[in-house]
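So this one's my_file.pdb, PDB, C-alpha atoms, pLDDT in the B column:
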ATOM      1  CA  MET A   1      53.591 -30.583-250.324  1.00 87.00           C
ATOM      2  CA  GLU A   2      54.597 -32.430-247.195  1.00 92.00           C
ATOM      3  CA  GLU A   3      58.246 -31.610-247.978  1.00 88.00           C
ATOM      4  CA  ALA A   4      57.360 -27.937-248.367  1.00 87.00           C
ATOM      5  CA  LYS A   5      55.442 -28.036-245.070  1.00 92.00           C
ATOM      6  CA  LYS A   6      58.451 -29.571-243.316  1.00 94.00           C
ATOM      7  CA  GLY A   7      60.728 -26.901-244.825  1.00 93.00           C
ATOM      8  CA  VAL A   8      58.500 -24.149-243.424  1.00 94.00           C
ATOM      9  CA  GLU A   9      58.369 -25.807-240.010  1.00 95.00           C
ATOM     10  CA  ASP A  10      62.143 -26.396-239.976  1.00 96.00           C
ATOM     11  CA  ARG A  11      62.540 -22.632-240.323  1.00 96.00           C
ATOM     12  CA  GLY A  12      60.225 -21.948-237.386  1.00 96.00           C
ATOM     13  CA  GLY A  13      57.020 -21.397-239.335  1.00 93.00           C
ATOM     14  CA  CYS A  14      53.652 -23.102-239.274  1.00 89.00           C
ATOM     15  CA  ALA A  15      52.081 -24.752-242.327  1.00 90.00           C
ATOM     16  CA  SER A  16      49.164 -27.007-243.197  1.00 89.00           C
ATOM     17  CA  VAL A  17      48.580 -29.193-246.232  1.00 90.00           C
ATOM     18  CA  ILE A  18      45.085 -29.311-247.700  1.00 89.00           C
ATOM     19  CA  THR A  19      44.291 -30.626-251.162  1.00 89.00           C
ATOM     20  CA  ALA A  20      41.291 -29.428-253.130  1.00 91.00           C
ATOM     21  CA  ASP A  21      39.961 -28.928-256.638  1.00 92.00           C
ATOM     22  CA  VAL A  22      40.119 -25.154-257.037  1.00 91.00           C
ATOM     23  CA  ARG A  23      37.424 -25.325-259.720  1.00 93.00           C
ATOM     24  CA  ASP A  24      34.941 -26.390-257.035  1.00 93.00           C
ATOM     25  CA  LEU A  25      34.027 -23.174-255.213  1.00 90.00           C
ATOM     26  CA  SER A  26      32.643 -25.118-252.244  1.00 92.00           C
ATOM     27  CA  GLN A  27      36.121 -26.610-251.777  1.00 93.00           C
ATOM     28  CA  VAL A  28      37.640 -23.133-252.033  1.00 90.00           C
ATOM     29  CA  LYS A  29      35.375 -22.064-249.166  1.00 90.00           C
ATOM     30  CA  VAL A  30      36.630 -25.042-247.133  1.00 91.00           C
ATOM     31  CA  LEU A  31      40.241 -23.912-247.748  1.00 90.00           C
ATOM     32  CA  VAL A  32      39.543 -20.345-246.662  1.00 92.00           C
ATOM     33  CA  ASP A  33      37.496 -21.493-243.659  1.00 92.00           C
ATOM     34  CA  ALA A  34      40.327 -23.823-242.590  1.00 91.00           C
ATOM     35  CA  ALA A  35      42.837 -20.964-242.743  1.00 90.00           C
ATOM     36  CA  MET A  36      40.529 -18.722-240.728  1.00 92.00           C
ATOM     37  CA  GLU A  37      39.921 -21.439-238.152  1.00 92.00           C
ATOM     38  CA  ALA A  38      43.628 -22.232-237.783  1.00 89.00           C
ATOM     39  CA  THR A  39      44.858 -18.633-237.481  1.00 90.00           C
ATOM     40  CA  GLY A  40      41.837 -16.438-236.885  1.00 93.00           C
ATOM     41  CA  ARG A  41      42.580 -14.340-239.944  1.00 94.00           C
ATOM     42  CA  LEU A  42      43.467 -14.257-243.639  1.00 95.00           C
ATOM     43  CA  ASP A  43      46.124 -11.748-244.676  1.00 96.00           C
ATOM     44  CA  ILE A  44      47.159 -13.012-248.102  1.00 95.00           C
ATOM     45  CA  MET A  45      45.706 -15.101-250.909  1.00 95.00           C
ATOM     46  CA  ILE A  46      48.039 -16.170-253.717  1.00 94.00           C
ATOM     47  CA  ASN A  47      46.149 -17.441-256.742  1.00 95.00           C
ATOM     48  CA  ASN A  48      48.826 -19.502-258.474  1.00 90.00           C
ATOM     49  CA  ALA A  49      46.998 -22.599-259.699  1.00 87.00           C
ATOM     50  CA  GLY A  50      47.316 -22.787-263.468  1.00 87.00           C
ATOM     51  CA  LEU A  51      46.897 -25.269-266.271  1.00 87.00           C
ATOM     52  CA  GLU A  52      47.695 -25.488-269.967  1.00 86.00           C
ATOM     53  CA  TYR A  53      47.184 -28.079-272.681  1.00 85.00           C
ATOM     54  CA  PRO A  54      49.397 -26.743-275.471  1.00 79.00           C
ATOM     55  CA  GLY A  55      48.629 -27.311-279.096  1.00 82.00           C
ATOM     56  CA  LYS A  56      46.877 -25.826-282.083  1.00 88.00           C
ATOM     57  CA  LEU A  57      43.485 -24.256-281.468  1.00 90.00           C
ATOM     58  CA  LEU A  58      41.899 -26.159-284.362  1.00 93.00           C
ATOM     59  CA  ASP A  59      43.136 -29.465-282.940  1.00 92.00           C
ATOM     60  CA  GLY A  60      42.059 -28.652-279.377  1.00 91.00           C
ATOM     61  CA  ASP A  61      39.818 -30.664-277.092  1.00 94.00           C
ATOM     62  CA  PRO A  62      36.854 -28.554-275.853  1.00 95.00           C
ATOM     63  CA  GLU A  63      36.823 -30.431-272.535  1.00 96.00           C
ATOM     64  CA  GLN A  64      40.450 -29.478-271.984  1.00 94.00           C
ATOM     65  CA  TRP A  65      39.591 -25.875-272.870  1.00 95.00           C
ATOM     66  CA  ARG A  66      36.835 -25.980-270.248  1.00 96.00           C
ATOM     67  CA  GLU A  67      39.256 -27.309-267.632  1.00 95.00           C
ATOM     68  CA  VAL A  68      41.788 -24.579-268.449  1.00 94.00           C
ATOM     69  CA  PHE A  69      39.190 -21.779-268.248  1.00 96.00           C
ATOM     70  CA  GLU A  70      37.663 -23.155-265.047  1.00 96.00           C
ATOM     71  CA  THR A  71      41.091 -23.476-263.410  1.00 95.00           C
ATOM     72  CA  ASN A  72      42.730 -20.305-264.688  1.00 95.00           C
ATOM     73  CA  VAL A  73      39.784 -17.871-264.667  1.00 97.00           C
ATOM     74  CA  LEU A  74      36.643 -18.931-262.809  1.00 96.00           C
ATOM     75  CA  ALA A  75      38.584 -20.403-259.896  1.00 95.00           C
ATOM     76  CA  VAL A  76      40.623 -17.196-259.570  1.00 96.00           C
ATOM     77  CA  ALA A  77      37.446 -15.115-259.445  1.00 96.00           C
ATOM     78  CA  GLY A  78      35.955 -17.447-256.835  1.00 95.00           C
ATOM     79  CA  ARG A  79      39.074 -17.413-254.667  1.00 95.00           C
ATOM     80  CA  CYS A  80      39.288 -13.623-254.855  1.00 96.00           C
ATOM     81  CA  ARG A  81      35.688 -13.314-253.703  1.00 96.00           C
ATOM     82  CA  ALA A  82      36.205 -15.779-250.838  1.00 95.00           C
ATOM     83  CA  ALA A  83      39.436 -14.047-249.798  1.00 96.00           C
ATOM     84  CA  VAL A  84      37.909 -10.567-249.734  1.00 97.00           C
ATOM     85  CA  LYS A  85      35.011 -11.799-247.598  1.00 96.00           C
ATOM     86  CA  ALA A  86      37.402 -13.436-245.113  1.00 96.00           C
ATOM     87  CA  MET A  87      39.800 -10.467-245.053  1.00 97.00           C
ATOM     88  CA  ARG A  88      36.980  -8.044-244.409  1.00 96.00           C
ATOM     89  CA  GLY A  89      35.632 -10.377-241.719  1.00 94.00           C
ATOM     90  CA  CYS A  90      38.881 -10.188-239.737  1.00 95.00           C
ATOM     91  CA  SER A  91      39.659  -6.543-240.635  1.00 95.00           C
ATOM     92  CA  ALA A  92      42.874  -7.532-242.401  1.00 94.00           C
ATOM     93  CA  GLU A  93      44.904  -5.141-244.492  1.00 94.00           C
ATOM     94  CA  GLY A  94      44.959  -7.995-246.953  1.00 96.00           C
ATOM     95  CA  ARG A  95      46.820  -8.729-250.132  1.00 97.00           C
ATOM     96  CA  ILE A  96      45.568 -10.749-253.086  1.00 98.00           C
ATOM     97  CA  VAL A  97      48.246 -11.879-255.545  1.00 97.00           C
ATOM     98  CA  ASN A  98      47.035 -13.188-258.887  1.00 97.00           C
ATOM     99  CA  VAL A  99      49.585 -14.999-261.040  1.00 93.00           C
ATOM    100  CA  SER A 100      49.056 -14.312-264.737  1.00 94.00           C
ATOM    101  CA  SER A 101      51.681 -14.842-267.460  1.00 89.00           C
ATOM    102  CA  VAL A 102      53.616 -12.991-270.119  1.00 86.00           C
ATOM    103  CA  ALA A 103      51.517 -15.108-272.494  1.00 84.00           C
ATOM    104  CA  SER A 104      48.664 -12.701-271.696  1.00 88.00           C
ATOM    105  CA  GLN A 105      50.483 -10.008-273.665  1.00 89.00           C
ATOM    106  CA  ARG A 106      50.763 -12.083-276.821  1.00 89.00           C
ATOM    107  CA  SER A 107      47.869 -11.972-279.265  1.00 90.00           C
ATOM    108  CA  ASP A 108      48.531 -15.528-280.481  1.00 89.00           C
ATOM    109  CA  SER A 109      48.815 -17.464-277.204  1.00 87.00           C
ATOM    110  CA  GLY A 110      45.641 -19.493-277.597  1.00 90.00           C
ATOM    111  CA  CYS A 111      43.284 -20.541-274.829  1.00 92.00           C
ATOM    112  CA  TYR A 112      45.996 -20.320-272.196  1.00 90.00           C
ATOM    113  CA  GLY A 113      46.901 -16.744-273.135  1.00 93.00           C
ATOM    114  CA  ALA A 114      43.210 -15.843-273.230  1.00 95.00           C
ATOM    115  CA  THR A 115      42.770 -17.112-269.673  1.00 96.00           C
ATOM    116  CA  LYS A 116      45.788 -15.182-268.456  1.00 95.00           C
ATOM    117  CA  HIS A 117      44.540 -12.010-270.140  1.00 96.00           C
ATOM    118  CA  ALA A 118      41.290 -12.621-268.264  1.00 97.00           C
ATOM    119  CA  VAL A 119      43.289 -12.821-264.997  1.00 97.00           C
ATOM    120  CA  ASN A 120      44.783  -9.404-265.807  1.00 97.00           C
ATOM    121  CA  VAL A 121      41.275  -8.004-266.354  1.00 97.00           C
ATOM    122  CA  LEU A 122      39.958  -9.603-263.146  1.00 97.00           C
ATOM    123  CA  SER A 123      42.889  -8.158-261.195  1.00 97.00           C
ATOM    124  CA  ALA A 124      42.370  -4.646-262.567  1.00 97.00           C
ATOM    125  CA  THR A 125      38.631  -4.819-261.930  1.00 98.00           C
ATOM    126  CA  LEU A 126      39.105  -6.072-258.373  1.00 97.00           C
ATOM    127  CA  ARG A 127      41.749  -3.412-257.735  1.00 97.00           C
ATOM    128  CA  ASN A 128      39.228  -0.728-258.758  1.00 97.00           C
ATOM    129  CA  GLU A 129      36.459  -2.257-256.646  1.00 97.00           C
ATOM    130  CA  LEU A 130      38.763  -2.286-253.590  1.00 97.00           C
ATOM    131  CA  GLU A 131      40.082   1.257-254.064  1.00 95.00           C
ATOM    132  CA  GLU A 132      38.458   2.450-250.817  1.00 94.00           C
ATOM    133  CA  ASP A 133      39.272  -0.788-248.973  1.00 95.00           C
ATOM    134  CA  SER A 134      42.344  -1.895-247.016  1.00 94.00           C
ATOM    135  CA  ILE A 135      42.813  -4.893-249.345  1.00 97.00           C
ATOM    136  CA  ARG A 136      45.293  -4.557-252.215  1.00 97.00           C
ATOM    137  CA  VAL A 137      45.633  -6.571-255.423  1.00 97.00           C
ATOM    138  CA  THR A 138      48.897  -7.482-257.147  1.00 96.00           C
ATOM    139  CA  ASN A 139      49.070  -9.051-260.591  1.00 95.00           C
ATOM    140  CA  VAL A 140      52.262 -10.955-261.490  1.00 91.00           C
ATOM    141  CA  MET A 141      53.127 -11.895-265.099  1.00 82.00           C
ATOM    142  CA  PRO A 142      56.075 -14.323-265.017  1.00 73.00           C
ATOM    143  CA  GLY A 143      57.796 -15.902-267.982  1.00 65.00           C
ATOM    144  CA  ALA A 144      59.090 -19.484-268.084  1.00 58.00           C
ATOM    145  CA  ILE A 145      59.509 -21.046-264.631  1.00 60.00           C
ATOM    146  CA  ALA A 146      61.149 -24.418-264.005  1.00 49.00           C
ATOM    147  CA  THR A 147      58.162 -26.182-262.444  1.00 59.00           C
ATOM    148  CA  ASN A 148      56.017 -29.175-263.276  1.00 52.00           C
ATOM    149  CA  PHE A 149      53.523 -26.855-264.965  1.00 54.00           C
ATOM    150  CA  ALA A 150      54.643 -28.339-268.302  1.00 56.00           C
ATOM    151  CA  ARG A 151      53.613 -31.892-267.413  1.00 54.00           C
ATOM    152  CA  ASN A 152      50.870 -31.692-270.097  1.00 55.00           C
ATOM    153  CA  PHE A 153      53.321 -30.599-272.777  1.00 60.00           C
ATOM    154  CA  ALA A 154      54.420 -33.062-275.463  1.00 61.00           C
ATOM    155  CA  PRO A 155      57.171 -35.415-274.236  1.00 64.00           C
ATOM    156  CA  GLU A 156      59.314 -34.401-277.226  1.00 65.00           C
ATOM    157  CA  PHE A 157      59.194 -30.747-276.146  1.00 62.00           C
ATOM    158  CA  LYS A 158      60.182 -31.609-272.572  1.00 65.00           C
ATOM    159  CA  ALA A 159      62.914 -33.948-273.824  1.00 65.00           C
ATOM    160  CA  ASP A 160      64.339 -31.119-275.968  1.00 65.00           C
ATOM    161  CA  ILE A 161      64.469 -28.794-272.937  1.00 66.00           C
ATOM    162  CA  LEU A 162      66.187 -31.464-270.834  1.00 68.00           C
ATOM    163  CA  GLN A 163      68.660 -32.152-273.644  1.00 70.00           C
ATOM    164  CA  MET A 164      69.493 -28.426-273.880  1.00 68.00           C
ATOM    165  CA  ALA A 165      70.124 -28.504-270.124  1.00 68.00           C
ATOM    166  CA  GLY A 166      72.371 -31.556-270.465  1.00 74.00           C
ATOM    167  CA  SER A 167      70.037 -33.810-268.498  1.00 74.00           C
ATOM    168  CA  ASP A 168      69.328 -37.434-269.348  1.00 74.00           C
ATOM    169  CA  ALA A 169      66.190 -37.602-267.162  1.00 71.00           C
ATOM    170  CA  GLU A 170      63.452 -39.780-268.604  1.00 74.00           C
ATOM    171  CA  VAL A 171      60.281 -37.973-269.663  1.00 68.00           C
ATOM    172  CA  LYS A 172      56.913 -39.705-269.380  1.00 69.00           C
ATOM    173  CA  GLU A 173      53.704 -38.011-270.458  1.00 69.00           C
ATOM    174  CA  GLY A 174      51.708 -36.623-267.538  1.00 66.00           C
ATOM    175  CA  GLU A 175      54.353 -37.448-264.927  1.00 68.00           C
ATOM    176  CA  ARG A 176      56.128 -34.928-262.729  1.00 68.00           C
ATOM    177  CA  LEU A 177      59.848 -34.281-263.062  1.00 68.00           C
ATOM    178  CA  PRO A 178      61.874 -34.575-259.843  1.00 66.00           C
ATOM    179  CA  ASP A 179      62.798 -31.325-258.070  1.00 68.00           C
ATOM    180  CA  GLU A 180      66.501 -31.886-258.669  1.00 70.00           C
ATOM    181  CA  VAL A 181      65.891 -32.092-262.435  1.00 68.00           C
ATOM    182  CA  LEU A 182      63.922 -28.839-262.378  1.00 66.00           C
ATOM    183  CA  ARG A 183      66.683 -27.143-260.364  1.00 69.00           C
ATOM    184  CA  HIS A 184      69.230 -28.376-262.909  1.00 66.00           C
ATOM    185  CA  VAL A 185      67.164 -26.928-265.784  1.00 65.00           C
ATOM    186  CA  ALA A 186      66.883 -23.568-264.019  1.00 64.00           C
ATOM    187  CA  ASP A 187      70.590 -23.507-263.134  1.00 66.00           C
ATOM    188  CA  THR A 188      71.718 -24.524-266.613  1.00 70.00           C
ATOM    189  CA  LEU A 189      69.221 -22.527-268.669  1.00 61.00           C
ATOM    190  CA  GLY A 190      68.963 -19.529-266.362  1.00 61.00           C
ATOM    191  CA  GLU A 191      68.483 -17.103-269.243  1.00 59.00           C
ATOM    192  CA  ARG A 192      65.313 -18.926-270.323  1.00 60.00           C
ATOM    193  CA  PHE A 193      63.957 -20.354-267.077  1.00 59.00           C
ATOM    194  CA  THR A 194      63.882 -19.149-263.519  1.00 58.00           C
ATOM    195  CA  THR A 195      63.094 -21.002-260.313  1.00 57.00           C
ATOM    196  CA  PRO A 196      59.871 -20.511-258.351  1.00 60.00           C
ATOM    197  CA  GLY A 197      61.817 -18.957-255.467  1.00 56.00           C
ATOM    198  CA  THR A 198      63.451 -16.145-257.457  1.00 49.00           C
TER     199      THR A 198
END
Kindly present the structure from the file in structure tokens form.
Amino acid sequence: MEEAKKGVEDRGGCASVITADVRDLSQVKVLVDAAMEATGRLDIMINNAGLEYPGKLLDGDPEQWREVFETNVLAVAGRCRAAVKAMRGCSAEGRIVNVSSVASQRSDSGCYGATKHAVNVLSATLRNELEEDSIRVTNVMPGAIATNFARNFAPEFKADILQMAGSDAEVKEGERLPDEVLRHVADTLGERFTTPGT
């Protein structure tokens, strides 16, 4: 995040780094309050935090399911509510962008797909509730993106992707892949993966 902050500043922008658990709505309020204090307004909220523990439903861990639903659904609802309050407070013609997934359109995409379908429903509901407001809601449903989202996937799966991309990077469960490896995957397997910036 510090590298991203520096990149923004190198291009003449202003950025801050704050870490928080998005499942904790009191921490979400701290994030929104910090943005309001730093700039005096909130014009956009991008709800992009997401989590998946892939695997068969019957083999799943209910605590992991809870974490996925809290991160992917309840936290989105809480951030939307906090954003609308702040945007109304500063009379912003605001924009809320909720990141869903193409998995939401599949009927067999497990807990993850269920959470992303819920994001679609939340977005549509919020859009209707804000019809007479200056705040607009956008729902984005991307496919596979070359990010560290897959850090909870089985090492064998990640190793197969890296092998297809011609990379010999070492894969360790739970660890992040370096940015250059992710860029290589996106460049090499562009028909299957895209980069976050495209």
What would the selection look like, as a PDB file with C-alpha atoms, keeping the file's coordinate frame, if the PyMOL selection byres ((chain A and resi 23-38) around 8) were run on the coordinates I just shared?
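Result file is result_39.pdb:
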ATOM      1  CA  ILE A  18      45.085 -29.311-247.700  1.00 89.00           C
ATOM      2  CA  ALA A  20      41.291 -29.428-253.130  1.00 91.00           C
ATOM      3  CA  ASP A  21      39.961 -28.928-256.638  1.00 92.00           C
ATOM      4  CA  VAL A  22      40.119 -25.154-257.037  1.00 91.00           C
ATOM      5  CA  THR A  39      44.858 -18.633-237.481  1.00 90.00           C
ATOM      6  CA  GLY A  40      41.837 -16.438-236.885  1.00 93.00           C
ATOM      7  CA  ARG A  41      42.580 -14.340-239.944  1.00 94.00           C
ATOM      8  CA  LEU A  42      43.467 -14.257-243.639  1.00 95.00           C
ATOM      9  CA  GLU A  70      37.663 -23.155-265.047  1.00 96.00           C
ATOM     10  CA  THR A  71      41.091 -23.476-263.410  1.00 95.00           C
ATOM     11  CA  LEU A  74      36.643 -18.931-262.809  1.00 96.00           C
ATOM     12  CA  ALA A  75      38.584 -20.403-259.896  1.00 95.00           C
ATOM     13  CA  GLY A  78      35.955 -17.447-256.835  1.00 95.00           C
ATOM     14  CA  ARG A  79      39.074 -17.413-254.667  1.00 95.00           C
ATOM     15  CA  ALA A  82      36.205 -15.779-250.838  1.00 95.00           C
ATOM     16  CA  ALA A  83      39.436 -14.047-249.798  1.00 96.00           C
ATOM     17  CA  ALA A  86      37.402 -13.436-245.113  1.00 96.00           C
TER      18      ALA A  86
END
>> Which residue is closest to Leu122 (chain A)? Choose from A:Arg106, A:Tyr53, A:Gly94, A:Asn47 and count all atoms listed in the file.
In response: A:Asn47
Per-residue nearest contacts of region 103-137 of chain A to region 60-64 of chain A (12 Å; only C-alpha atoms) as JSON lines:
{"residue": "A:Gly110", "atom": "CA", "partner": "A:Gly60", "partner_atom": "CA", "distance": 10.0}
{"residue": "A:Cys111", "atom": "CA", "partner": "A:Gly60", "partner_atom": "CA", "distance": 9.4}
{"residue": "A:Tyr112", "atom": "CA", "partner": "A:Gln64", "partner_atom": "CA", "distance": 10.7}
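Closest to Trp65 (chain A) among A:Glu52, A:Asp133, A:Glu180, A:Asp10 is A:Glu52, based on only C-alpha atoms.
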> What is the distance, in Å and to one decimal place, between CA of Met141 (chain A) and CA of Thr188 (chain A)?
Replying inline: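 Here the two named atoms are 22.5 Å from each other.
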> Nearest to Thr138 (chain A) among A:Gln105, A:Ser100, A:Gln163, A:Thr115, with distances taken over all atoms listed in the file: which residue is it?
Replying inline: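 When distances to Thr138 (chain A) are compared using all atoms listed in the file, the smallest one comes from A:Ser100.
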>> Just checking: using only C-alpha atoms, which residue out of A:Asp59, A:Asp108, A:Glu131, A:Asp43 ends up closest to Arg95 (chain A)?
In response: A:Asp43
> So how far away is CA of Ile44 (chain A) from CA of Val68 (chain A), in Å?
Replying inline: 24.0 Å
>> Quick check, in Å to one decimal: how far apart do CA of Val84 (chain A) and CA of Ala103 (chain A) lie?
In response: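 CA of Ala103 (chain A) lies 26.9 Å from CA of Val84 (chain A).
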> Given the choices A:Thr125, A:Leu51, A:Ser91, A:Ala169, which gets closest to Glu67 (chain A) if the distance is worked out from all atoms listed in the file?
Replying inline: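 Among the listed residues, A:Leu51 lies closest to Glu67 (chain A).
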> Out of A:Pro54, A:Pro142, A:Gly13, A:Gly113, which residue has the shortest atom-to-atom distance to Phe69 (chain A) when counting only C-alpha atoms?
Replying inline: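 Going through A:Pro54, A:Pro142, A:Gly13, A:Gly113 one by one, the smallest distance to Phe69 (chain A) is for A:Gly113.
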